[in-house]
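Structure data (PDB, C-alpha atoms and all ligand atoms) from my_file.pdb:
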MODEL        1
ATOM      1  CA  MET V   1      -6.117  -3.502  21.483  1.00  0.00           C
ATOM      2  CA  SER V   2      -9.368  -4.856  22.791  1.00  0.00           C
ATOM      3  CA  ASN V   3     -11.539  -3.177  20.135  1.00  0.00           C
ATOM      4  CA  PRO V   4     -12.877  -5.387  17.313  1.00  0.00           C
ATOM      5  CA  VAL V   5     -10.730  -5.675  14.190  1.00  0.00           C
ATOM      6  CA  PRO V   6     -12.076  -3.257  11.520  1.00  0.00           C
ATOM      7  CA  HIS V   7     -13.586  -4.925   8.467  1.00  0.00           C
ATOM      8  CA  THR V   8     -13.806  -1.897   6.181  1.00  0.00           C
ATOM      9  CA  LEU V   9     -11.437   0.931   5.337  1.00  0.00           C
ATOM     10  CA  ALA V  10     -13.903   3.418   6.847  1.00  0.00           C
ATOM     11  CA  ALA V  11     -13.907   1.502  10.135  1.00  0.00           C
ATOM     12  CA  LEU V  12     -10.125   1.268   9.965  1.00  0.00           C
ATOM     13  CA  ARG V  13      -9.855   5.050   9.528  1.00  0.00           C
ATOM     14  CA  ARG V  14     -12.074   5.610  12.576  1.00  0.00           C
ATOM     15  CA  ALA V  15      -9.975   3.197  14.636  1.00  0.00           C
ATOM     16  CA  GLU V  16      -6.708   4.810  13.513  1.00  0.00           C
ATOM     17  CA  ALA V  17      -8.022   8.206  14.591  1.00  0.00           C
ATOM     18  CA  GLN V  18      -8.250   6.866  18.165  1.00  0.00           C
ATOM     19  CA  CYS V  19      -4.781   5.317  18.167  1.00  0.00           C
ATOM     20  CA  THR V  20      -2.456   5.862  21.114  1.00  0.00           C
ATOM     21  CA  ARG V  21      -0.136   2.901  20.411  1.00  0.00           C
ATOM     22  CA  CYS V  22       2.915   5.215  20.316  1.00  0.00           C
ATOM     23  CA  PRO V  23       3.503   8.852  21.402  1.00  0.00           C
ATOM     24  CA  LEU V  24       3.288  10.361  17.902  1.00  0.00           C
ATOM     25  CA  TYR V  25      -0.456  11.050  18.111  1.00  0.00           C
ATOM     26  CA  ARG V  26       0.181  13.658  20.822  1.00  0.00           C
ATOM     27  CA  ASN V  27       1.688  16.434  18.690  1.00  0.00           C
ATOM     28  CA  ALA V  28       0.342  15.716  15.216  1.00  0.00           C
ATOM     29  CA  THR V  29      -2.732  17.507  13.893  1.00  0.00           C
ATOM     30  CA  GLN V  30      -4.490  14.291  12.936  1.00  0.00           C
ATOM     31  CA  VAL V  31      -3.920  10.739  11.795  1.00  0.00           C
ATOM     32  CA  VAL V  32      -3.303  10.305   8.061  1.00  0.00           C
ATOM     33  CA  PRO V  33      -4.784   6.977   6.965  1.00  0.00           C
ATOM     34  CA  GLY V  34      -4.037   5.182   3.726  1.00  0.00           C
ATOM     35  CA  GLU V  35      -6.223   6.007   0.732  1.00  0.00           C
ATOM     36  CA  GLY V  36      -7.318   4.169  -2.357  1.00  0.00           C
ATOM     37  CA  PRO V  37      -9.666   1.415  -3.487  1.00  0.00           C
ATOM     38  CA  GLN V  38     -10.930  -1.106  -0.927  1.00  0.00           C
ATOM     39  CA  ARG V  39      -9.308  -3.747  -3.117  1.00  0.00           C
ATOM     40  CA  ALA V  40      -6.179  -2.789  -5.042  1.00  0.00           C
ATOM     41  CA  SER V  41      -3.598  -4.984  -6.730  1.00  0.00           C
ATOM     42  CA  LEU V  42      -0.897  -2.398  -5.990  1.00  0.00           C
ATOM     43  CA  MET V  43      -0.139  -0.783  -2.630  1.00  0.00           C
ATOM     44  CA  MET V  44       2.502   1.891  -2.110  1.00  0.00           C
ATOM     45  CA  VAL V  45       3.892   2.493   1.369  1.00  0.00           C
ATOM     46  CA  GLY V  46       5.795   5.663   2.229  1.00  0.00           C
ATOM     47  CA  GLU V  47       7.444   6.730   5.474  1.00  0.00           C
ATOM     48  CA  GLN V  48       5.098   9.048   7.365  1.00  0.00           C
ATOM     49  CA  PRO V  49       2.906  12.089   6.657  1.00  0.00           C
ATOM     50  CA  GLY V  50       4.773  15.349   6.126  1.00  0.00           C
ATOM     51  CA  ASN V  51       3.683  18.830   7.165  1.00  0.00           C
ATOM     52  CA  ASP V  52       1.198  19.202   4.284  1.00  0.00           C
ATOM     53  CA  GLU V  53      -0.248  15.731   4.784  1.00  0.00           C
ATOM     54  CA  ASP V  54      -0.620  16.305   8.525  1.00  0.00           C
ATOM     55  CA  LEU V  55      -2.653  19.452   7.856  1.00  0.00           C
ATOM     56  CA  ALA V  56      -4.718  17.971   5.015  1.00  0.00           C
ATOM     57  CA  GLY V  57      -5.290  14.521   6.517  1.00  0.00           C
ATOM     58  CA  HIS V  58      -4.385  12.808   3.221  1.00  0.00           C
ATOM     59  CA  PRO V  59      -1.216  10.937   2.205  1.00  0.00           C
ATOM     60  CA  PHE V  60       1.239  12.249  -0.403  1.00  0.00           C
ATOM     61  CA  VAL V  61      -0.373  15.626  -1.124  1.00  0.00           C
ATOM     62  CA  GLY V  62       2.759  17.759  -0.559  1.00  0.00           C
ATOM     63  CA  PRO V  63       5.910  18.209  -2.688  1.00  0.00           C
ATOM     64  CA  ALA V  64       6.914  14.526  -2.433  1.00  0.00           C
ATOM     65  CA  GLY V  65       3.372  13.574  -3.390  1.00  0.00           C
ATOM     66  CA  ARG V  66       3.570  15.700  -6.520  1.00  0.00           C
ATOM     67  CA  ILE V  67       6.751  13.900  -7.593  1.00  0.00           C
ATOM     68  CA  LEU V  68       5.136  10.568  -6.809  1.00  0.00           C
ATOM     69  CA  ASP V  69       2.070  11.461  -8.887  1.00  0.00           C
ATOM     70  CA  ARG V  70       4.239  12.459 -11.844  1.00  0.00           C
ATOM     71  CA  ALA V  71       6.311   9.285 -11.575  1.00  0.00           C
ATOM     72  CA  ILE V  72       3.198   7.107 -11.301  1.00  0.00           C
ATOM     73  CA  GLY V  73       1.929   8.666 -14.537  1.00  0.00           C
ATOM     74  CA  ASP V  74       5.308   8.354 -16.278  1.00  0.00           C
ATOM     75  CA  ALA V  75       5.384   4.670 -15.287  1.00  0.00           C
ATOM     76  CA  GLY V  76       2.016   4.104 -16.964  1.00  0.00           C
ATOM     77  CA  LEU V  77       0.113   3.642 -13.708  1.00  0.00           C
ATOM     78  CA  GLU V  78      -2.897   5.478 -12.263  1.00  0.00           C
ATOM     79  CA  ARG V  79      -2.881   6.731  -8.700  1.00  0.00           C
ATOM     80  CA  SER V  80      -6.648   6.209  -8.393  1.00  0.00           C
ATOM     81  CA  SER V  81      -6.143   2.448  -8.736  1.00  0.00           C
ATOM     82  CA  ILE V  82      -3.327   2.300  -6.144  1.00  0.00           C
ATOM     83  CA  PHE V  83      -3.730   2.113  -2.375  1.00  0.00           C
ATOM     84  CA  VAL V  84      -1.295   4.712  -1.044  1.00  0.00           C
ATOM     85  CA  THR V  85      -0.311   4.735   2.613  1.00  0.00           C
ATOM     86  CA  ASN V  86       2.545   5.274   5.060  1.00  0.00           C
ATOM     87  CA  ALA V  87       4.420   2.993   7.440  1.00  0.00           C
ATOM     88  CA  VAL V  88       3.712   5.492  10.236  1.00  0.00           C
ATOM     89  CA  LYS V  89       0.388   7.325  10.316  1.00  0.00           C
ATOM     90  CA  HIS V  90       1.208  10.400  12.406  1.00  0.00           C
ATOM     91  CA  PHE V  91       3.621  13.208  11.514  1.00  0.00           C
ATOM     92  CA  LYS V  92       6.809  13.189  13.602  1.00  0.00           C
ATOM     93  CA  PHE V  93       8.573  16.527  13.705  1.00  0.00           C
ATOM     94  CA  GLU V  94      10.669  18.941  15.690  1.00  0.00           C
ATOM     95  CA  ILE V  95       9.969  22.653  15.977  1.00  0.00           C
ATOM     96  CA  ARG V  96      12.604  25.027  14.525  1.00  0.00           C
ATOM     97  CA  GLY V  97      11.436  28.601  14.859  1.00  0.00           C
ATOM     98  CA  LYS V  98       8.023  28.638  13.219  1.00  0.00           C
ATOM     99  CA  ARG V  99       8.660  25.513  11.148  1.00  0.00           C
ATOM    100  CA  ARG V 100       7.889  21.882  11.866  1.00  0.00           C
ATOM    101  CA  LEU V 101      10.796  19.865  10.539  1.00  0.00           C
ATOM    102  CA  HIS V 102      10.419  16.199   9.637  1.00  0.00           C
ATOM    103  CA  LYS V 103      11.981  13.691  12.030  1.00  0.00           C
ATOM    104  CA  ARG V 104      12.461  10.108  10.958  1.00  0.00           C
ATOM    105  CA  PRO V 105      10.321   7.661  12.958  1.00  0.00           C
ATOM    106  CA  ASP V 106      12.275   5.216  15.111  1.00  0.00           C
ATOM    107  CA  ALA V 107      12.108   1.415  15.189  1.00  0.00           C
ATOM    108  CA  TYR V 108       9.646   1.428  18.093  1.00  0.00           C
ATOM    109  CA  GLU V 109       7.221   3.770  16.315  1.00  0.00           C
ATOM    110  CA  ILE V 110       7.519   1.824  13.062  1.00  0.00           C
ATOM    111  CA  GLY V 111       6.868  -1.427  14.913  1.00  0.00           C
ATOM    112  CA  ARG V 112       3.844  -0.068  16.789  1.00  0.00           C
ATOM    113  CA  CYS V 113       2.283   1.392  13.635  1.00  0.00           C
ATOM    114  CA  LYS V 114       2.762  -1.845  11.686  1.00  0.00           C
ATOM    115  CA  TRP V 115      -0.445  -2.971  13.367  1.00  0.00           C
ATOM    116  CA  TRP V 116      -2.360  -0.616  11.047  1.00  0.00           C
ATOM    117  CA  ASN V 117      -0.412  -1.540   7.937  1.00  0.00           C
ATOM    118  CA  ASP V 118      -1.108  -5.209   8.543  1.00  0.00           C
ATOM    119  CA  LEU V 119      -4.824  -4.422   8.798  1.00  0.00           C
ATOM    120  CA  GLU V 120      -4.666  -2.367   5.595  1.00  0.00           C
ATOM    121  CA  ARG V 121      -2.999  -5.287   3.834  1.00  0.00           C
ATOM    122  CA  ARG V 122      -5.626  -7.680   5.145  1.00  0.00           C
ATOM    123  CA  LEU V 123      -8.433  -5.487   3.759  1.00  0.00           C
ATOM    124  CA  VAL V 124      -6.902  -4.296   0.494  1.00  0.00           C
ATOM    125  CA  LYS V 125      -5.220  -7.623  -0.381  1.00  0.00           C
ATOM    126  CA  PRO V 126      -2.554  -6.169  -2.679  1.00  0.00           C
ATOM    127  CA  GLU V 127      -0.814  -8.443  -5.135  1.00  0.00           C
ATOM    128  CA  LEU V 128       2.332  -6.314  -4.970  1.00  0.00           C
ATOM    129  CA  ILE V 129       3.605  -3.696  -2.531  1.00  0.00           C
ATOM    130  CA  VAL V 130       6.057  -0.933  -3.412  1.00  0.00           C
ATOM    131  CA  ALA V 131       8.029   0.260  -0.390  1.00  0.00           C
ATOM    132  CA  LEU V 132       9.053   3.886  -0.836  1.00  0.00           C
ATOM    133  CA  GLY V 133      12.231   4.329   1.199  1.00  0.00           C
ATOM    134  CA  ALA V 134      13.991   2.708   4.135  1.00  0.00           C
ATOM    135  CA  THR V 135      11.263   3.202   6.748  1.00  0.00           C
ATOM    136  CA  ALA V 136       8.638   1.454   4.628  1.00  0.00           C
ATOM    137  CA  ALA V 137      11.125  -1.300   3.783  1.00  0.00           C
ATOM    138  CA  ARG V 138      11.881  -1.780   7.469  1.00  0.00           C
ATOM    139  CA  SER V 139       8.208  -1.913   8.373  1.00  0.00           C
ATOM    140  CA  LEU V 140       7.470  -4.496   5.695  1.00  0.00           C
ATOM    141  CA  THR V 141      10.539  -6.730   6.032  1.00  0.00           C
ATOM    142  CA  GLY V 142      11.219  -6.260   9.761  1.00  0.00           C
ATOM    143  CA  LYS V 143      14.853  -5.385   9.169  1.00  0.00           C
ATOM    144  CA  SER V 144      17.113  -2.532   8.084  1.00  0.00           C
ATOM    145  CA  VAL V 145      17.518  -2.340   4.333  1.00  0.00           C
ATOM    146  CA  VAL V 146      20.069  -0.517   2.176  1.00  0.00           C
ATOM    147  CA  ILE V 147      17.902   0.770  -0.652  1.00  0.00           C
ATOM    148  CA  GLN V 148      20.646   0.761  -3.291  1.00  0.00           C
ATOM    149  CA  ASN V 149      21.300  -2.958  -2.702  1.00  0.00           C
ATOM    150  CA  VAL V 150      17.739  -4.077  -3.372  1.00  0.00           C
ATOM    151  CA  ARG V 151      15.903  -1.416  -5.358  1.00  0.00           C
ATOM    152  CA  GLY V 152      13.761  -2.625  -8.213  1.00  0.00           C
ATOM    153  CA  VAL V 153      14.287  -6.298  -7.334  1.00  0.00           C
ATOM    154  CA  LEU V 154      11.220  -8.499  -6.954  1.00  0.00           C
ATOM    155  CA  LEU V 155      11.133  -9.834  -3.379  1.00  0.00           C
ATOM    156  CA  THR V 156       8.594 -11.985  -1.563  1.00  0.00           C
ATOM    157  CA  LEU V 157       7.358 -11.304   1.958  1.00  0.00           C
ATOM    158  CA  ASP V 158       6.728 -14.101   4.482  1.00  0.00           C
ATOM    159  CA  ASP V 159       3.017 -14.185   3.649  1.00  0.00           C
ATOM    160  CA  GLY V 160       3.703 -14.548  -0.090  1.00  0.00           C
ATOM    161  CA  VAL V 161       2.908 -10.956  -1.077  1.00  0.00           C
ATOM    162  CA  ARG V 162       5.479  -9.587  -3.492  1.00  0.00           C
ATOM    163  CA  LEU V 163       7.518  -6.516  -2.685  1.00  0.00           C
ATOM    164  CA  VAL V 164       9.570  -3.989  -4.625  1.00  0.00           C
ATOM    165  CA  ILE V 165      11.720  -1.531  -2.700  1.00  0.00           C
ATOM    166  CA  THR V 166      12.660   1.835  -4.165  1.00  0.00           C
ATOM    167  CA  ALA V 167      13.604   5.327  -3.008  1.00  0.00           C
ATOM    168  CA  HIS V 168      11.247   7.684  -1.230  1.00  0.00           C
ATOM    169  CA  PRO V 169      10.246  10.512  -3.606  1.00  0.00           C
ATOM    170  CA  SER V 170      11.281  13.104  -0.994  1.00  0.00           C
ATOM    171  CA  SER V 171      14.894  11.966  -1.481  1.00  0.00           C
ATOM    172  CA  LEU V 172      14.688  13.397  -5.015  1.00  0.00           C
ATOM    173  CA  LEU V 173      13.776  16.804  -3.590  1.00  0.00           C
ATOM    174  CA  ARG V 174      17.034  16.871  -1.643  1.00  0.00           C
ATOM    175  CA  ILE V 175      19.319  16.380  -4.673  1.00  0.00           C
ATOM    176  CA  PRO V 176      20.746  19.837  -5.465  1.00  0.00           C
ATOM    177  CA  ASP V 177      22.180  19.100  -8.908  1.00  0.00           C
ATOM    178  CA  HIS V 178      19.539  19.212 -11.662  1.00  0.00           C
ATOM    179  CA  ILE V 179      21.105  16.548 -13.883  1.00  0.00           C
ATOM    180  CA  ASP V 180      21.641  14.178 -10.976  1.00  0.00           C
ATOM    181  CA  ARG V 181      18.076  14.783  -9.848  1.00  0.00           C
ATOM    182  CA  GLN V 182      16.776  13.970 -13.326  1.00  0.00           C
ATOM    183  CA  ARG V 183      18.841  10.786 -13.392  1.00  0.00           C
ATOM    184  CA  GLN V 184      17.505   9.665 -10.027  1.00  0.00           C
ATOM    185  CA  TYR V 185      13.966  10.535 -11.072  1.00  0.00           C
ATOM    186  CA  GLY V 186      14.423   8.310 -14.126  1.00  0.00           C
ATOM    187  CA  ALA V 187      15.620   5.444 -11.893  1.00  0.00           C
ATOM    188  CA  PHE V 188      12.585   5.952  -9.655  1.00  0.00           C
ATOM    189  CA  VAL V 189      10.195   5.823 -12.614  1.00  0.00           C
ATOM    190  CA  GLU V 190      11.983   2.720 -13.879  1.00  0.00           C
ATOM    191  CA  ASP V 191      11.420   0.987 -10.516  1.00  0.00           C
ATOM    192  CA  LEU V 192       7.709   1.827 -10.721  1.00  0.00           C
ATOM    193  CA  ARG V 193       7.590   0.649 -14.340  1.00  0.00           C
ATOM    194  CA  ARG V 194       9.117  -2.684 -13.302  1.00  0.00           C
ATOM    195  CA  SER V 195       6.613  -2.944 -10.492  1.00  0.00           C
ATOM    196  CA  ALA V 196       3.794  -2.424 -12.993  1.00  0.00           C
ATOM    197  CA  ALA V 197       5.276  -5.161 -15.172  1.00  0.00           C
ATOM    198  CA  TYR V 198       5.441  -7.571 -12.190  1.00  0.00           C
ATOM    199  CA  LEU V 199       1.729  -7.077 -11.560  1.00  0.00           C
ATOM    200  CA  GLY V 200      -0.290  -9.949 -12.948  1.00  0.00           C
ATOM    201  CA  THR V 201       2.750 -12.159 -13.445  1.00  0.00           C
ATOM    202  CA  GLY V 202       2.554 -13.974 -10.075  1.00  0.00           C
TER     203      GLY V 202
HETATM  204  S1  LIG M   1       2.002   6.739  14.592  1.00  0.00           S
HETATM  205 FE1  LIG M   1       0.776   4.888  14.295  1.00  0.00          FE
HETATM  206  S2  LIG M   1       1.021   3.687  16.181  1.00  0.00           S
HETATM  207 FE2  LIG M   1       1.717   5.786  16.613  1.00  0.00          FE
HETATM  208  S3  LIG M   1      -0.110   6.791  17.462  1.00  0.00           S
HETATM  209 FE3  LIG M   1      -0.067   7.197  15.250  1.00  0.00          FE
HETATM  210  S4  LIG M   1      -1.347   5.622  14.313  1.00  0.00           S
HETATM  211 FE4  LIG M   1      -0.823   4.960  16.406  1.00  0.00          FE
ENDMDL
END
Let me see the file written as structure tokens.
Ligand code: SF4
Amino acid sequence: MSNPVPHTLAALRRAEAQCTRCPLYRNATQVVPGEGPQRASLMMVGEQPGNDEDLAGHPFVGPAGRILDRAIGDAGLERSSIFVTNAVKHFKFEIRGKRRLHKRPDAYEIGRCKWWNDLERRLVKPELIVALGATAARSLTGKSVVIQNVRGVLLTLDDGVRLVITAHPSSLLRIPDHIDRQRQYGAFVEDLRRSAAYLGTG
């Protein structure tokens, strides 16, 4: 990109809205930038906007966002102090009848959109990042990650920023059994609680 590097989140949002780095901008309603304080010690990175987020233009406002909000509260954190974003900023979907069904972004799209995540990290300067799900983990570590092997463990990225990988909250929505879902929700909250405990210990 030949445009100057944005130095504020507002400038970053404007630049993201013009992005054509991968084909996903073509069919989405709008870009969905990260949101939160200009400086935040904690950043959470999800996969990509869903249908609700694509329409609203804000991250994590749909069903997965409601679970995330509840878990953030149950972990003793406040969403308003967290910078919340996605590894991929446009909604990828396929049409089935009248519905737009989520499609997982591929390695190319994740790699192209990392440009924006790196700029977010440069501006927000998080002390710790929580990767929500495999796409975020791939974007941040540059490799495929099996969530169950690493979840809740304190990792360090190449630039020294600390990382915790956990499940994506949408995975909880897909668990049919109530008791199993509650158990997995508890594990998710525990990962966020550990992340909160890691903050300020580096
Ligand atoms: S998904 Fe990311 S890289 Fe692709 S067009 Fe959207 S903002 Fe650009």
Which centre and which edge lengths, in Å to one decimal, describe the axis-aligned box that holds all listed atoms of ligand LIG 1 (chain M) after 5 Å is added on each side, as lines of an AutoDock Vina configuration file?
center_x = 0.3
center_y = 5.4
center_z = 15.9
size_x = 13.3
size_y = 13.5
size_z = 13.2
Quiz item: For ligand LIG 1 (chain M), which residue out of V:Glu53, V:Asp69, V:Glu109, V:Glu94 is the nearest one, using only C-alpha atoms and all ligand atoms?
Solution: V:Glu109
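The two atoms in question, atom CA of V:Pro126 and atom CA of V:Ser41, are spaced 4.3 Å apart.
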Quiz item: So which residues get picked by the PyMOL selection byres (((chain V and resi 23-26) around 8) and not hetatm) here, written as an NGL selection string?
Solution: :V and (19-22 or 27-28 or 30-31 or 90-92 or 109)
Mind running stretch 9-81 of chain V against stretch 95-102 of chain V at 10 Å and telling me each contacting residue's nearest atom pair with the distance in Å (one decimal), counting all atoms listed in the file, chain and number ascending, as CSV?
residue,atom,partner,partner_atom,distance
V:Gln48,CA,V:His102,CA,9.2
V:Pro49,CA,V:His102,CA,9.1
V:Gly50,CA,V:His102,CA,6.7
V:Asn51,CA,V:Arg100,CA,7.0
Quiz item: V:Gly62, V:Trp116, V:Glu35, V:Asp74: which is nearest ligand LIG 1 (chain M), counting only C-alpha atoms and all ligand atoms?
Solution: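 Under the stated criterion, the closest residue is V:Trp116.
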Quiz item: Distance atom CA of V:Ile165-atom FE4 of ligand LIG 1 (chain M), one decimal place?
Solution: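 Between atom CA of V:Ile165 and atom FE4 of ligand LIG 1 (chain M) the gap is 23.8 Å.
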Practice problem: Given the file shown, determine the residues that the PyMOL selection byres (((chain V and resi 39) around 12) and not hetatm) selects; report them as a PyMOL selection string. | Solution: chain V and resi 8-9+35-38+40-43+80-84+120-127
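Minimum atom-to-atom distances from V:Thr85, V:His7, V:Gly76, V:Ala71 to ligand LIG 1 (chain M) were compared using only C-alpha atoms and all ligand atoms, and the lowest value belongs to V:Thr85.
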